[in-house]
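For reference, coords25.pdb is printed below; it contains PDB, C-alpha atoms, pLDDT in the B column.
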```pdb
ATOM      1  CA  MET A  90      20.963 188.692  88.914  1.00 57.00           C
ATOM      2  CA  ARG A  91      21.566 185.692  86.655  1.00 57.00           C
ATOM      3  CA  TYR A  92      25.113 185.351  87.965  1.00 61.00           C
ATOM      4  CA  ARG A  93      23.787 185.048  91.508  1.00 62.00           C
ATOM      5  CA  TRP A  94      21.515 182.188  90.408  1.00 59.00           C
ATOM      6  CA  LEU A  95      24.426 180.518  88.605  1.00 60.00           C
ATOM      7  CA  ALA A  96      26.606 180.874  91.680  1.00 63.00           C
ATOM      8  CA  PHE A  97      23.841 179.384  93.828  1.00 59.00           C
ATOM      9  CA  LEU A  98      23.438 176.411  91.477  1.00 58.00           C
ATOM     10  CA  ALA A  99      27.208 175.889  91.375  1.00 61.00           C
ATOM     11  CA  ALA A 100      27.297 175.900  95.173  1.00 61.00           C
ATOM     12  CA  LEU A 101      24.568 173.248  95.328  1.00 57.00           C
ATOM     13  CA  VAL A 102      26.425 171.071  92.841  1.00 59.00           C
ATOM     14  CA  GLY A 103      29.612 171.521  94.867  1.00 60.00           C
ATOM     15  CA  ILE A 104      27.903 170.525  98.100  1.00 55.00           C
ATOM     16  CA  THR A 105      26.392 167.478  96.403  1.00 53.00           C
ATOM     17  CA  ALA A 106      29.741 166.320  95.036  1.00 54.00           C
ATOM     18  CA  ALA A 107      31.867 167.283  98.047  1.00 53.00           C
ATOM     19  CA  HIS A 108      31.596 163.898  99.741  1.00 49.00           C
ATOM     20  CA  ALA A 109      33.317 161.095  97.868  1.00 42.00           C
ATOM     21  CA  ASP A 110      30.997 158.451  99.300  1.00 53.00           C
ATOM     22  CA  LEU A 111      28.050 159.994  97.427  1.00 53.00           C
ATOM     23  CA  PHE A 112      29.290 158.309  94.269  1.00 55.00           C
ATOM     24  CA  ASN A 113      29.432 154.870  95.841  1.00 61.00           C
ATOM     25  CA  HIS A 114      25.703 154.537  95.297  1.00 74.00           C
ATOM     26  CA  VAL A 115      23.906 156.550  92.646  1.00 87.00           C
ATOM     27  CA  ASP A 116      20.713 155.820  90.721  1.00 91.00           C
ATOM     28  CA  CYS A 117      20.282 156.944  87.122  1.00 95.00           C
ATOM     29  CA  TYR A 118      16.831 157.576  85.689  1.00 97.00           C
ATOM     30  CA  VAL A 119      14.815 158.917  82.776  1.00 98.00           C
ATOM     31  CA  GLY A 120      11.288 160.266  82.808  1.00 98.00           C
ATOM     32  CA  ALA A 121       8.497 162.165  81.085  1.00 98.00           C
ATOM     33  CA  LEU A 122       6.074 164.799  82.359  1.00 98.00           C
ATOM     34  CA  GLY A 123       2.893 166.484  81.205  1.00 98.00           C
ATOM     35  CA  GLY A 124       0.096 168.618  82.567  1.00 98.00           C
ATOM     36  CA  ALA A 125      -1.808 171.901  82.564  1.00 98.00           C
ATOM     37  CA  ASN A 126      -0.035 175.227  82.079  1.00 97.00           C
ATOM     38  CA  TRP A 127      -1.070 178.806  82.851  1.00 95.00           C
ATOM     39  CA  MET A 128       0.793 181.661  81.131  1.00 91.00           C
ATOM     40  CA  ASN A 129       0.836 185.283  82.282  1.00 84.00           C
ATOM     41  CA  HIS A 130       2.026 188.068  79.964  1.00 75.00           C
ATOM     42  CA  GLN A 131       3.251 191.136  81.844  1.00 68.00           C
ATOM     43  CA  GLN A 132       4.451 193.487  79.096  1.00 62.00           C
ATOM     44  CA  SER A 133       2.752 196.855  79.577  1.00 52.00           C
ATOM     45  CA  GLU A 134       2.183 197.637  75.862  1.00 60.00           C
ATOM     46  CA  TRP A 135       0.469 194.321  75.105  1.00 61.00           C
ATOM     47  CA  ARG A 136      -1.889 192.956  77.720  1.00 63.00           C
ATOM     48  CA  TYR A 137      -3.566 189.662  77.030  1.00 70.00           C
ATOM     49  CA  GLY A 138      -5.009 186.648  78.742  1.00 72.00           C
ATOM     50  CA  THR A 139      -4.563 183.042  77.705  1.00 81.00           C
ATOM     51  CA  LYS A 140      -6.590 179.892  78.031  1.00 87.00           C
ATOM     52  CA  VAL A 141      -5.354 176.966  80.088  1.00 94.00           C
ATOM     53  CA  GLY A 142      -2.677 175.273  78.010  1.00 95.00           C
ATOM     54  CA  PHE A 143      -0.392 172.288  78.307  1.00 97.00           C
ATOM     55  CA  LEU A 144       3.164 171.320  79.152  1.00 98.00           C
ATOM     56  CA  VAL A 145       5.090 168.266  77.930  1.00 98.00           C
ATOM     57  CA  GLY A 146       8.690 167.360  78.666  1.00 98.00           C
ATOM     58  CA  ALA A 147      11.356 164.751  79.165  1.00 98.00           C
ATOM     59  CA  TYR A 148      14.251 164.524  81.582  1.00 98.00           C
ATOM     60  CA  GLY A 149      17.111 162.376  82.777  1.00 97.00           C
ATOM     61  CA  GLY A 150      19.198 162.528  85.889  1.00 96.00           C
ATOM     62  CA  ILE A 151      21.123 161.030  88.786  1.00 95.00           C
ATOM     63  CA  ARG A 152      19.932 160.561  92.354  1.00 93.00           C
ATOM     64  CA  PHE A 153      22.647 160.595  95.025  1.00 91.00           C
ATOM     65  CA  CYS A 154      22.385 158.717  98.293  1.00 85.00           C
ATOM     66  CA  ASN A 155      21.938 161.956 100.289  1.00 85.00           C
ATOM     67  CA  GLY A 156      18.657 162.800  98.542  1.00 88.00           C
ATOM     68  CA  PHE A 157      19.997 165.275  95.971  1.00 92.00           C
ATOM     69  CA  HIS A 158      19.194 164.907  92.275  1.00 95.00           C
ATOM     70  CA  LEU A 159      21.105 166.418  89.345  1.00 95.00           C
ATOM     71  CA  GLN A 160      18.766 166.541  86.372  1.00 97.00           C
ATOM     72  CA  GLY A 161      18.622 167.728  82.767  1.00 97.00           C
ATOM     73  CA  GLU A 162      15.211 168.649  81.326  1.00 98.00           C
ATOM     74  CA  LEU A 163      13.670 169.661  77.989  1.00 98.00           C
ATOM     75  CA  ALA A 164      10.103 171.033  78.010  1.00 98.00           C
ATOM     76  CA  TYR A 165       7.531 172.705  75.772  1.00 97.00           C
ATOM     77  CA  ARG A 166       4.571 174.844  76.885  1.00 97.00           C
ATOM     78  CA  ARG A 167       1.699 176.231  74.803  1.00 94.00           C
ATOM     79  CA  ASN A 168      -1.302 178.430  75.615  1.00 93.00           C
ATOM     80  CA  ASP A 169      -3.918 179.760  73.177  1.00 88.00           C
ATOM     81  CA  LEU A 170      -5.057 183.366  73.324  1.00 80.00           C
ATOM     82  CA  LYS A 171      -8.228 184.337  75.189  1.00 75.00           C
ATOM     83  CA  GLU A 172      -8.202 188.151  74.998  1.00 69.00           C
ATOM     84  CA  VAL A 173      -5.843 190.972  74.025  1.00 65.00           C
ATOM     85  CA  ASP A 174      -5.550 194.723  74.643  1.00 60.00           C
ATOM     86  CA  ALA A 175      -2.978 196.974  72.964  1.00 56.00           C
ATOM     87  CA  SER A 176      -5.020 200.177  72.866  1.00 52.00           C
ATOM     88  CA  ASP A 177      -2.220 202.090  74.614  1.00 51.00           C
ATOM     89  CA  ILE A 178       0.014 201.818  71.525  1.00 50.00           C
ATOM     90  CA  ILE A 179      -2.574 201.428  68.730  1.00 53.00           C
ATOM     91  CA  GLY A 180      -5.086 203.931  70.066  1.00 52.00           C
ATOM     92  CA  PRO A 181      -8.856 204.115  69.478  1.00 56.00           C
ATOM     93  CA  ASP A 182      -8.585 202.060  66.274  1.00 53.00           C
ATOM     94  CA  PHE A 183      -7.535 198.992  68.251  1.00 52.00           C
ATOM     95  CA  PRO A 184     -10.973 197.232  68.042  1.00 53.00           C
ATOM     96  CA  ARG A 185     -10.861 197.611  64.258  1.00 52.00           C
ATOM     97  CA  TYR A 186      -7.626 195.639  63.973  1.00 53.00           C
ATOM     98  CA  PHE A 187      -8.117 193.152  66.836  1.00 56.00           C
ATOM     99  CA  SER A 188     -11.830 192.601  67.413  1.00 53.00           C
ATOM    100  CA  PRO A 189     -12.646 190.023  70.126  1.00 55.00           C
ATOM    101  CA  GLY A 190     -14.533 187.666  67.822  1.00 54.00           C
ATOM    102  CA  SER A 191     -11.867 187.367  65.135  1.00 53.00           C
ATOM    103  CA  THR A 192      -8.576 187.603  67.017  1.00 59.00           C
ATOM    104  CA  ILE A 193      -6.590 184.406  67.526  1.00 66.00           C
ATOM    105  CA  GLY A 194      -3.125 183.709  68.835  1.00 74.00           C
ATOM    106  CA  ARG A 195      -0.910 181.644  71.059  1.00 82.00           C
ATOM    107  CA  GLY A 196       2.105 181.697  73.328  1.00 85.00           C
ATOM    108  CA  GLU A 197       4.801 179.002  73.152  1.00 92.00           C
ATOM    109  CA  THR A 198       7.793 178.463  75.430  1.00 94.00           C
ATOM    110  CA  SER A 199      10.642 175.985  74.932  1.00 96.00           C
ATOM    111  CA  THR A 200      13.187 175.411  77.701  1.00 97.00           C
ATOM    112  CA  ALA A 201      16.398 173.507  78.358  1.00 98.00           C
ATOM    113  CA  MET A 202      17.057 173.380  82.095  1.00 98.00           C
ATOM    114  CA  VAL A 203      19.476 171.959  84.647  1.00 97.00           C
ATOM    115  CA  ASN A 204      17.616 171.150  87.872  1.00 97.00           C
ATOM    116  CA  ILE A 205      18.799 170.449  91.394  1.00 96.00           C
ATOM    117  CA  LEU A 206      16.185 168.549  93.429  1.00 96.00           C
ATOM    118  CA  TYR A 207      16.264 167.608  97.094  1.00 95.00           C
ATOM    119  CA  GLU A 208      14.150 164.875  98.652  1.00 93.00           C
ATOM    120  CA  LEU A 209      12.671 165.627 102.048  1.00 90.00           C
ATOM    121  CA  SER A 210      11.879 162.925 104.608  1.00 78.00           C
ATOM    122  CA  SER A 211       9.845 160.049 103.193  1.00 69.00           C
ATOM    123  CA  VAL A 212       6.252 159.611 104.348  1.00 64.00           C
ATOM    124  CA  CYS A 213       5.022 156.024 104.831  1.00 70.00           C
ATOM    125  CA  ASN A 214       8.046 154.736 102.861  1.00 77.00           C
ATOM    126  CA  ARG A 215       6.445 155.157  99.429  1.00 87.00           C
ATOM    127  CA  TRP A 216       5.636 158.900  99.506  1.00 92.00           C
ATOM    128  CA  THR A 217       8.511 161.400  99.205  1.00 93.00           C
ATOM    129  CA  PRO A 218       8.102 165.202  98.999  1.00 95.00           C
ATOM    130  CA  TYR A 219      10.814 167.196  97.243  1.00 96.00           C
ATOM    131  CA  ILE A 220      11.767 170.715  96.228  1.00 96.00           C
ATOM    132  CA  GLY A 221      13.928 171.966  93.392  1.00 97.00           C
ATOM    133  CA  LEU A 222      15.523 174.841  91.525  1.00 97.00           C
ATOM    134  CA  GLY A 223      16.200 174.927  87.789  1.00 97.00           C
ATOM    135  CA  LEU A 224      18.379 177.252  85.704  1.00 96.00           C
ATOM    136  CA  GLY A 225      18.829 177.276  81.954  1.00 97.00           C
ATOM    137  CA  TYR A 226      17.672 178.615  78.596  1.00 96.00           C
ATOM    138  CA  GLY A 227      14.160 179.734  77.631  1.00 95.00           C
ATOM    139  CA  LYS A 228      12.676 180.827  74.302  1.00 94.00           C
ATOM    140  CA  THR A 229       9.171 182.316  74.153  1.00 90.00           C
ATOM    141  CA  GLU A 230       7.244 183.163  70.979  1.00 88.00           C
ATOM    142  CA  GLU A 231       3.880 184.958  71.081  1.00 80.00           C
ATOM    143  CA  LEU A 232       1.650 185.505  68.051  1.00 77.00           C
ATOM    144  CA  VAL A 233      -1.586 187.522  67.769  1.00 72.00           C
ATOM    145  CA  VAL A 234      -3.559 187.544  64.482  1.00 67.00           C
ATOM    146  CA  GLY A 235      -6.371 190.085  64.118  1.00 57.00           C
ATOM    147  CA  ASN A 236      -8.613 191.423  61.329  1.00 53.00           C
ATOM    148  CA  PHE A 237      -6.013 193.460  59.471  1.00 48.00           C
ATOM    149  CA  ALA A 238      -2.894 193.140  61.598  1.00 51.00           C
ATOM    150  CA  VAL A 239      -0.475 190.647  63.100  1.00 57.00           C
ATOM    151  CA  GLY A 240       1.430 191.138  66.339  1.00 62.00           C
ATOM    152  CA  ALA A 241       4.438 188.992  67.254  1.00 68.00           C
ATOM    153  CA  VAL A 242       6.867 188.979  70.173  1.00 73.00           C
ATOM    154  CA  SER A 243       9.871 186.693  70.586  1.00 82.00           C
ATOM    155  CA  CYS A 244      12.512 186.522  73.291  1.00 86.00           C
ATOM    156  CA  GLN A 245      15.399 184.251  74.244  1.00 91.00           C
ATOM    157  CA  SER A 246      16.724 184.555  77.753  1.00 91.00           C
ATOM    158  CA  PHE A 247      18.155 183.028  80.893  1.00 94.00           C
ATOM    159  CA  ALA A 248      15.327 181.055  82.567  1.00 96.00           C
ATOM    160  CA  VAL A 249      14.625 180.171  86.207  1.00 96.00           C
ATOM    161  CA  GLN A 250      12.130 177.661  87.581  1.00 97.00           C
ATOM    162  CA  THR A 251      11.137 176.346  90.988  1.00 97.00           C
ATOM    163  CA  ILE A 252       9.638 172.923  91.624  1.00 98.00           C
ATOM    164  CA  ILE A 253       7.582 171.487  94.475  1.00 97.00           C
ATOM    165  CA  GLY A 254       6.621 167.839  94.154  1.00 97.00           C
ATOM    166  CA  LEU A 255       5.443 164.643  95.779  1.00 95.00           C
ATOM    167  CA  SER A 256       6.507 161.267  94.392  1.00 95.00           C
ATOM    168  CA  TYR A 257       5.008 157.828  94.935  1.00 95.00           C
ATOM    169  CA  ALA A 258       7.109 154.681  94.499  1.00 94.00           C
ATOM    170  CA  ILE A 259       4.927 152.390  92.369  1.00 95.00           C
ATOM    171  CA  THR A 260       7.715 149.788  92.301  1.00 93.00           C
ATOM    172  CA  PRO A 261      11.422 149.942  93.199  1.00 88.00           C
ATOM    173  CA  CYS A 262      12.068 151.040  89.586  1.00 93.00           C
ATOM    174  CA  PHE A 263       9.115 153.360  88.844  1.00 96.00           C
ATOM    175  CA  ASP A 264       8.007 156.594  90.527  1.00 96.00           C
ATOM    176  CA  LEU A 265       4.874 158.625  89.837  1.00 97.00           C
ATOM    177  CA  GLY A 266       5.135 162.313  90.720  1.00 96.00           C
ATOM    178  CA  LEU A 267       2.749 165.239  91.182  1.00 97.00           C
ATOM    179  CA  GLU A 268       4.436 168.626  90.752  1.00 98.00           C
ATOM    180  CA  TYR A 269       3.875 172.376  90.819  1.00 98.00           C
ATOM    181  CA  ARG A 270       6.278 174.336  88.598  1.00 98.00           C
ATOM    182  CA  TYR A 271       6.849 178.085  88.369  1.00 97.00           C
ATOM    183  CA  LEU A 272       8.863 179.233  85.342  1.00 97.00           C
ATOM    184  CA  ARG A 273      10.215 182.668  84.390  1.00 94.00           C
ATOM    185  CA  PRO A 274      11.573 182.200  80.827  1.00 90.00           C
ATOM    186  CA  CYS A 275      11.632 185.924  79.941  1.00 85.00           C
ATOM    187  CA  ARG A 276      11.271 189.201  81.768  1.00 82.00           C
ATOM    188  CA  HIS A 277       7.650 189.753  80.725  1.00 82.00           C
ATOM    189  CA  VAL A 278       6.412 186.135  80.772  1.00 87.00           C
ATOM    190  CA  GLU A 279       5.768 183.722  83.615  1.00 91.00           C
ATOM    191  CA  SER A 280       4.186 180.273  83.646  1.00 94.00           C
ATOM    192  CA  GLN A 281       2.727 178.054  86.332  1.00 96.00           C
ATOM    193  CA  ALA A 282       2.025 174.370  85.766  1.00 98.00           C
ATOM    194  CA  ALA A 283       0.524 171.373  87.524  1.00 98.00           C
ATOM    195  CA  THR A 284       2.073 168.208  86.137  1.00 98.00           C
ATOM    196  CA  LEU A 285       2.289 164.451  86.461  1.00 97.00           C
ATOM    197  CA  SER A 286       5.620 162.750  85.868  1.00 97.00           C
ATOM    198  CA  LEU A 287       6.660 159.131  85.429  1.00 97.00           C
ATOM    199  CA  LYS A 288      10.232 158.172  86.253  1.00 96.00           C
ATOM    200  CA  GLN A 289      12.134 154.920  85.630  1.00 97.00           C
ATOM    201  CA  TYR A 290      15.348 154.031  87.482  1.00 95.00           C
ATOM    202  CA  PHE A 291      17.954 151.737  85.995  1.00 89.00           C
TER     203      PHE A 291
END
```

How would this structure read if it were set down as structure tokens?
Amino acid sequence: MRYRWLAFLAALVGITAAHADLFNHVDCYVGALGGANWMNHQQSEWRYGTKVGFLVGAYGGIRFCNGFHLQGELAYRRNDLKEVDASDIIGPDFPRYFSPGSTIGRGETSTAMVNILYELSSVCNRWTPYIGLGLGYGKTEELVVGNFAVGAVSCQSFAVQTIIGLSYAITPCFDLGLEYRYLRPCRHVESQAATLSLKQYF
């Protein structure tokens, strides 16, 4: 499956670079993003819910004259534990080891992504909707600390994310963006985020 995503990303890059005139006018930029993050753990043995967390990140990229962006992004997500259930593998003694009042934990995800974004038609000149696909590397670490036991899960994997956003041109050099991001960093973990981003062209 990952090779299909890589082939798709390579095709998008090829289409973007296929026309020589695209490089006659390109805009470089850097930016930062942050917002609320929701994490969902789907592993059958450990079932837990998390509180609303946060996402922070930074990125840099190139915007071509046809509306495509090629972008590199680093991001970090964290969510604290709300509840946990592992009775299927621990058995009836589970409440003894992980009682609701004394169990703490968190989930953290770090990613390094390459994104392809495409700007749709501008609205009222300053507003521009866009969509995107990102492929890259994801590392997720999950820690649960109970009364007499500690549970930990870590995975490193190929990561996929989709992006839907709306940007507003504050000035010719600064854009403010509102985005929805869906990330799948590991097989059993998925994250959804609502973020604000600030971008500077130079």

Check which residues satisfy the PyMOL selection byres ((chain A and resi 145-153) around 8) in the file shown, then give them as a VMD selection string. chain A and resid 105 111 to 112 114 to 124 143 to 144 154 to 166

Run the PyMOL selection byres ((chain A and resi 207-216) around 12) against the file shown and list the residues it catches, as a PDB file with C-alpha atoms, keeping the file's coordinate frame.
```pdb
ATOM      1  CA  LEU A 101      24.568 173.248  95.328  1.00 57.00           C
ATOM      2  CA  VAL A 102      26.425 171.071  92.841  1.00 59.00           C
ATOM      3  CA  THR A 105      26.392 167.478  96.403  1.00 53.00           C
ATOM      4  CA  ILE A 151      21.123 161.030  88.786  1.00 95.00           C
ATOM      5  CA  ARG A 152      19.932 160.561  92.354  1.00 93.00           C
ATOM      6  CA  PHE A 153      22.647 160.595  95.025  1.00 91.00           C
ATOM      7  CA  CYS A 154      22.385 158.717  98.293  1.00 85.00           C
ATOM      8  CA  ASN A 155      21.938 161.956 100.289  1.00 85.00           C
ATOM      9  CA  GLY A 156      18.657 162.800  98.542  1.00 88.00           C
ATOM     10  CA  PHE A 157      19.997 165.275  95.971  1.00 92.00           C
ATOM     11  CA  HIS A 158      19.194 164.907  92.275  1.00 95.00           C
ATOM     12  CA  LEU A 159      21.105 166.418  89.345  1.00 95.00           C
ATOM     13  CA  GLN A 160      18.766 166.541  86.372  1.00 97.00           C
ATOM     14  CA  ASN A 204      17.616 171.150  87.872  1.00 97.00           C
ATOM     15  CA  ILE A 205      18.799 170.449  91.394  1.00 96.00           C
ATOM     16  CA  LEU A 206      16.185 168.549  93.429  1.00 96.00           C
ATOM     17  CA  THR A 217       8.511 161.400  99.205  1.00 93.00           C
ATOM     18  CA  PRO A 218       8.102 165.202  98.999  1.00 95.00           C
ATOM     19  CA  TYR A 219      10.814 167.196  97.243  1.00 96.00           C
ATOM     20  CA  ILE A 220      11.767 170.715  96.228  1.00 96.00           C
ATOM     21  CA  GLY A 221      13.928 171.966  93.392  1.00 97.00           C
ATOM     22  CA  LEU A 222      15.523 174.841  91.525  1.00 97.00           C
ATOM     23  CA  GLY A 223      16.200 174.927  87.789  1.00 97.00           C
ATOM     24  CA  THR A 251      11.137 176.346  90.988  1.00 97.00           C
ATOM     25  CA  ILE A 252       9.638 172.923  91.624  1.00 98.00           C
ATOM     26  CA  ILE A 253       7.582 171.487  94.475  1.00 97.00           C
ATOM     27  CA  GLY A 254       6.621 167.839  94.154  1.00 97.00           C
ATOM     28  CA  LEU A 255       5.443 164.643  95.779  1.00 95.00           C
ATOM     29  CA  SER A 256       6.507 161.267  94.392  1.00 95.00           C
ATOM     30  CA  TYR A 257       5.008 157.828  94.935  1.00 95.00           C
ATOM     31  CA  ALA A 258       7.109 154.681  94.499  1.00 94.00           C
ATOM     32  CA  ILE A 259       4.927 152.390  92.369  1.00 95.00           C
ATOM     33  CA  THR A 260       7.715 149.788  92.301  1.00 93.00           C
ATOM     34  CA  PRO A 261      11.422 149.942  93.199  1.00 88.00           C
ATOM     35  CA  PHE A 263       9.115 153.360  88.844  1.00 96.00           C
ATOM     36  CA  ASP A 264       8.007 156.594  90.527  1.00 96.00           C
ATOM     37  CA  LEU A 265       4.874 158.625  89.837  1.00 97.00           C
ATOM     38  CA  GLY A 266       5.135 162.313  90.720  1.00 96.00           C
ATOM     39  CA  LEU A 267       2.749 165.239  91.182  1.00 97.00           C
TER      40      LEU A 267
END
```

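Note that CA of Lys228 (chain A) and CA of Asp169 (chain A) are 16.7 Å apart.
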
Which residues, written as a ChimeraX atom specification, have at least one atom at most 8 Å from His130 (chain A), with all atoms listed in the file counted and residues fewer than 6 positions away on the same chain left out? /A:136-138,277-279

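Across the structure, CA of Ser286 (chain A) and CA of Gly196 (chain A) are spaced 23.0 Å apart.
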
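Pairwise distance (CA of Ser243 (chain A), CA of Glu268 (chain A)) equals 27.6 Å.
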
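Take the PyMOL selection byres ((chain A and resi 226) around 6) and apply it to this file: it picks Thr200, Ala201, Gly225, Gly227, Phe247 and Ala248 of chain A.
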
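If you measure from each of A:Ser199, A:Gln289, A:Asn168, A:Asn129 to Arg276 (chain A) using only C-alpha atoms, the closest one turns out to be A:Asn129.
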
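Among A:Ala125, A:Leu232, A:Cys244, A:Leu287, the residue with the shortest atom-to-atom distance to Cys262 (chain A), counting only C-alpha atoms, is A:Leu287.
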
Of the residues A:Thr139, A:Ser246, A:Thr229, A:Thr198, which is the one nearest to Lys171 (chain A), using only C-alpha atoms? A:Thr139

Might you pull out every residue within 7 Å of Ser280 (chain A), with all atoms listed in the file counted and same-chain residues fewer than 6 positions away left off, and present them as a ChimeraX atom specification? /A:126-129,271-273

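Each of A:Leu170, A:Val242, A:Lys140, A:Tyr269 was compared to Ala282 (chain A) using all atoms listed in the file, and A:Tyr269 turns out to be the nearest.
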